[in-house]
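Student: Got a structure for you, written out below as structure tokens; questions coming shortly.
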Amino acid sequence: MTTTLIWIAVALVAVGLYLSWTAGRLDRLHARIDATRAALDAQLLRRASVAQELATSGVLDPAASIVLYEAAHAARQAEEEQREVAESELSQALRAVFGEAQQVEAVREAPGGEEAAEELAQAVRRVPMARRFHNDAVRAARALRRHRKVRWFRLAGHAPFPMAFEMDDEPPEALAARAA
């Protein structure tokens, strides 16, 4: 009888430790999601800021400046629900303005244009990487949260279900070639 109680206690402790480890892992994944989302937000803000600076620099033709400025401003001011759409529109505007190498060369030839072109190339290169890191963290957390043990024992607590950030982040070819 005593041996049975000891084995039951050992089994309960083992299950408790396993559930505690799983809850800790889920907590670390949620922390990773928060960190990658902050990094993604920083890269998106940097890209929009550089695009706005370039649009107001007078280097681009007026039509391109207006298109780029409005898209960058909309991306910076977008509410969370509209953020993916606004960022996708900024990507489209960047591709429209910098789709050809001549426009990038025109920016490079302007005073201070070499640094601006390099900064924009770096910004458009980093956004897809930051988004990929964020979405990978979301995918891992979602996979763990789908397990029965996590649902049955409510190991996720009250944390919201993680959402991926889906947007068009394809860089303009001329800038992508420059960043490579």
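Naming works like this for the structure tokens: A, B, ... for the chains as they're shown, residue 1 at the start of each chain, ligands 1 onward in shown order.
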Distance table requested - range 65-172 of chain A against range 25-35 of chain A, cut-off 9 Å, only C-alpha atoms: one row per qualifying residue with the closest atom pair and its distance in Å to one decimal, ordered by chain and rising residue number, as a Markdown table.
Tutor:
```
| residue | atom | partner | partner_atom | distance |
| --- | --- | --- | --- | --- |
| A:Phe133 | CA | A:Ile33 | CA | 8.8 |
| A:His134 | CA | A:Ile33 | CA | 6.1 |
| A:Asn135 | CA | A:Ile33 | CA | 8.3 |
| A:Asp136 | CA | A:Ile33 | CA | 8.8 |
| A:Ala137 | CA | A:Ile33 | CA | 5.6 |
| A:Val138 | CA | A:Ile33 | CA | 6.3 |
| A:Ala140 | CA | A:Leu29 | CA | 7.4 |
| A:Ala141 | CA | A:Leu29 | CA | 5.8 |
| A:Leu144 | CA | A:Leu26 | CA | 7.1 |
| A:Arg145 | CA | A:Leu26 | CA | 7.8 |
| A:Val150 | CA | A:Leu26 | CA | 9.0 |
| A:Leu155 | CA | A:Leu26 | CA | 7.8 |
| A:Ala156 | CA | A:Leu26 | CA | 6.8 |
| A:Ala159 | CA | A:His30 | CA | 8.2 |
| A:Pro162 | CA | A:Ile33 | CA | 7.9 |
```
Student: Write the residues of the selection above to a file with C-alpha atoms, as a tab-separated table (two decimals), in the first residue's frame.
Tutor:
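Now in part.tsv:
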```
chain	number	residue	atom	x	y	z
A	133	PHE	CA	11.76	35.53	-37.50
A	134	HIS	CA	8.46	36.75	-36.05
A	135	ASN	CA	6.34	34.35	-38.07
A	136	ASP	CA	8.64	31.43	-37.15
A	137	ALA	CA	8.16	32.23	-33.46
A	138	VAL	CA	4.40	32.45	-33.97
A	140	ALA	CA	6.30	27.41	-32.97
A	141	ALA	CA	3.97	28.82	-30.30
A	144	LEU	CA	2.76	23.96	-28.95
A	145	ARG	CA	-0.60	25.51	-28.11
A	150	VAL	CA	-1.65	22.65	-23.22
A	155	LEU	CA	-0.97	26.19	-19.78
A	156	ALA	CA	-1.20	29.24	-22.04
A	159	ALA	CA	-2.22	34.96	-23.41
A	162	PRO	CA	-0.34	34.48	-31.52
```
Student: Please give the complete set of residues from range 104-172 of chain A that DSSP, run on the backbone, assigns to helix (DSSP H, G or I), formatted as a ChimeraX atom specification.
Tutor: /A:104-109,113-145,148-152
Student: Ranking A:Glu84, A:Glu109, A:Glu79, A:Glu173 by minimum distance to Val97 in chain A and counting only C-alpha atoms, which one comes first?
Tutor: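 Nearest to Val97 in chain A: A:Glu173.
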Student: Fewer than 3 positions away in the same chain doesn't count, so skip those; otherwise give me all residues within 7 Å of Arg95 in chain A, counting only C-alpha atoms, as number ranges by chain.
Tutor: A: 91-92, 98-99, 171-172
Student: Store the residues picked out above in a file with all heavy atoms, as a CSV table (one decimal), in the first residue's frame.
Tutor:
```csv
chain,number,residue,atom,x,y,z
A,91,SER,N,5.4,48.7,-49.6
A,91,SER,CA,6.2,47.8,-50.4
A,91,SER,C,5.9,48.0,-51.9
A,91,SER,O,6.8,48.1,-52.7
A,91,SER,CB,6.0,46.3,-50.0
A,91,SER,OG,6.4,46.1,-48.7
A,92,GLN,N,4.6,48.1,-52.2
A,92,GLN,CA,4.3,48.3,-53.6
A,92,GLN,C,4.7,49.7,-54.1
A,92,GLN,O,5.2,49.8,-55.3
A,92,GLN,CB,2.7,48.2,-53.8
A,92,GLN,CG,2.3,46.7,-53.5
A,92,GLN,CD,0.8,46.7,-53.3
A,92,GLN,OE1,0.0,47.7,-53.4
A,92,GLN,NE2,0.3,45.5,-53.1
A,98,PHE,N,11.2,52.5,-57.2
A,98,PHE,CA,12.6,52.0,-57.3
A,98,PHE,C,12.7,50.7,-58.1
A,98,PHE,O,13.6,49.9,-57.9
A,98,PHE,CB,13.2,51.8,-56.0
A,98,PHE,CG,13.4,53.1,-55.3
A,98,PHE,CD1,12.6,53.4,-54.2
A,98,PHE,CD2,14.4,54.0,-55.7
A,98,PHE,CE1,12.8,54.6,-53.5
A,98,PHE,CE2,14.5,55.2,-55.0
A,98,PHE,CZ,13.7,55.5,-53.9
A,99,GLY,N,11.7,50.5,-59.0
A,99,GLY,CA,11.7,49.3,-59.8
A,99,GLY,C,12.8,49.2,-60.8
A,99,GLY,O,13.2,48.1,-61.2
A,171,PRO,N,11.2,43.2,-51.9
A,171,PRO,CA,11.8,44.5,-52.2
A,171,PRO,C,11.9,44.8,-53.7
A,171,PRO,O,11.8,43.9,-54.5
A,171,PRO,CB,13.2,44.3,-51.6
A,171,PRO,CG,13.4,42.8,-51.7
A,171,PRO,CD,12.1,42.2,-51.5
A,172,PRO,N,12.1,46.1,-54.0
A,172,PRO,CA,12.3,46.4,-55.4
A,172,PRO,C,13.6,45.7,-55.9
A,172,PRO,O,14.6,45.7,-55.2
A,172,PRO,CB,12.5,47.9,-55.4
A,172,PRO,CG,12.0,48.4,-54.1
A,172,PRO,CD,12.1,47.2,-53.1
```
Student: From the set A:Arg151, A:Val50, A:Ala176, A:Met167, which residue has the shortest atom-to-atom contact distance to Thr22 in chain A, counting only C-alpha atoms?
Tutor: A:Arg151
Student: Determine, counting only C-alpha atoms, which protein, DNA and RNA residues have an atom within 10 Å of an atom of Arg132 in chain A; residues of the same chain fewer than 5 positions away are not included. Present the result as a ChimeraX atom specification.
Tutor: /A:36,40,126-127,137-138,164-166
Student: Hey, can you check how far CA of Val15 in chain A sits from CA of Trp152 in chain A?
Tutor: 13.5 Å
Student: For a quick check of understanding, using only C-alpha atoms, which of A:Ala14, A:His147, A:Gln103, A:Trp21 has the smallest distance to Asp61 in chain A?
Tutor: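 The closest residue to Asp61 in chain A is A:Gln103.
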Student: For CA of Glu119 in chain A and CA of Arg83 in chain A, determine how far apart the two atoms are, in Å to one decimal place.
Tutor: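 Atom-to-atom, CA of Glu119 in chain A to CA of Arg83 in chain A, that is 22.3 Å.
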Student: Name the closest residue to Ala93 in chain A among the candidates A:Val59, A:Thr2, A:Asp169, A:Leu19; distances are taken between atoms, counting only C-alpha atoms.
Tutor: A:Asp169
Student: May I ask which of the residues A:Leu94, A:Leu12, A:Asp41, A:Glu81 is the closest one to Ser65 in chain A, counting only C-alpha atoms?
Tutor: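 Closest to Ser65 in chain A, using only C-alpha atoms: A:Leu94.
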Student: Need to verify the contact set: range 111-116 of chain A, 10 Å, only C-alpha atoms, exclusion of same-chain residues closer than 5 positions in sequence. Can you return it as a PyMOL selection string?
Tutor: chain A and resi 50-51+53-54+57+59+104-106+121-122
Student: Go ahead and save the residues from that selection, with N, CA and C atoms, as a JSON list (two decimals), in the first residue's frame.
Tutor:
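New file result_36.json:
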```
[["chain", "number", "residue", "atom", "x", "y", "z"],
["A", 50, "VAL", "N", 12.89, 56.05, -43.57],
["A", 50, "VAL", "CA", 13.85, 56.28, -44.65],
["A", 50, "VAL", "C", 13.11, 56.63, -45.93],
["A", 51, "ALA", "N", 12.01, 55.95, -46.20],
["A", 51, "ALA", "CA", 11.23, 56.25, -47.40],
["A", 51, "ALA", "C", 10.67, 57.67, -47.34],
["A", 53, "GLU", "N", 11.94, 60.24, -45.62],
["A", 53, "GLU", "CA", 13.08, 61.15, -45.79],
["A", 53, "GLU", "C", 13.45, 61.28, -47.25],
["A", 54, "LEU", "N", 13.49, 60.17, -47.93],
["A", 54, "LEU", "CA", 13.85, 60.19, -49.35],
["A", 54, "LEU", "C", 12.79, 60.91, -50.18],
["A", 57, "SER", "N", 13.26, 64.65, -49.77],
["A", 57, "SER", "CA", 14.61, 65.18, -50.01],
["A", 57, "SER", "C", 14.72, 65.99, -51.30],
["A", 59, "VAL", "N", 15.09, 64.64, -54.22],
["A", 59, "VAL", "CA", 15.89, 63.86, -55.17],
["A", 59, "VAL", "C", 14.99, 63.19, -56.21],
["A", 104, "VAL", "N", 17.40, 54.43, -58.83],
["A", 104, "VAL", "CA", 18.35, 54.24, -57.72],
["A", 104, "VAL", "C", 19.63, 55.00, -58.04],
["A", 105, "GLU", "N", 20.08, 54.95, -59.28],
["A", 105, "GLU", "CA", 21.29, 55.68, -59.67],
["A", 105, "GLU", "C", 21.10, 57.18, -59.54],
["A", 106, "ALA", "N", 19.88, 57.67, -59.88],
["A", 106, "ALA", "CA", 19.60, 59.10, -59.73],
["A", 106, "ALA", "C", 19.67, 59.52, -58.27],
["A", 121, "ALA", "N", 18.21, 50.50, -48.95],
["A", 121, "ALA", "CA", 18.47, 49.12, -49.37],
["A", 121, "ALA", "C", 18.56, 48.20, -48.15],
["A", 122, "GLN", "N", 19.25, 48.67, -47.10],
["A", 122, "GLN", "CA", 19.35, 47.87, -45.88],
["A", 122, "GLN", "C", 17.99, 47.70, -45.21]]
```
Student: Could you check the closest approach to Gln52 in chain A for each of A:Tyr69, A:Tyr18, A:Phe161, A:Trp7 and tell me which residue wins, using only C-alpha atoms?
Tutor: A:Tyr69
Student: When you draw a straight line from CA of Gln82 in chain A to CA of Arg146 in chain A, how long is it in Å?
Tutor: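 Rounded to one decimal, the two atoms are 27.4 Å apart.
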Student: Would you mind listing what lies within 12 Å of Leu45 in chain A as a PyMOL selection string, with only C-alpha atoms counted and same-chain residues fewer than 6 positions away left out?
Tutor: chain A and resi 38-39+51-52+72-78+83+86-87+90+120+123-124+126-127
Student: Save the residues we just selected, C-alpha atoms, as a tab-separated table (two decimals), in the first residue's frame?
Tutor:
```tsv
chain	number	residue	atom	x	y	z
A	38	ALA	CA	9.25	44.61	-31.43
A	39	ALA	CA	12.15	44.01	-33.83
A	51	ALA	CA	11.23	56.25	-47.40
A	52	GLN	CA	9.68	59.45	-46.02
A	72	ALA	CA	5.22	55.82	-45.93
A	73	HIS	CA	3.02	58.19	-43.94
A	74	ALA	CA	0.09	55.77	-44.10
A	75	ALA	CA	2.35	52.93	-42.92
A	76	ARG	CA	3.59	54.97	-39.95
A	77	GLN	CA	0.12	56.12	-38.94
A	78	ALA	CA	-1.80	52.87	-39.51
A	83	ARG	CA	-0.96	47.77	-40.44
A	86	ALA	CA	-0.48	49.77	-45.12
A	87	GLU	CA	2.95	48.10	-45.01
A	90	LEU	CA	4.46	50.84	-48.91
A	120	LEU	CA	16.93	52.26	-47.86
A	123	ALA	CA	15.88	48.70	-44.56
A	124	VAL	CA	14.05	46.84	-47.33
A	126	ARG	CA	15.85	43.65	-43.11
A	127	VAL	CA	12.05	43.78	-43.11
```
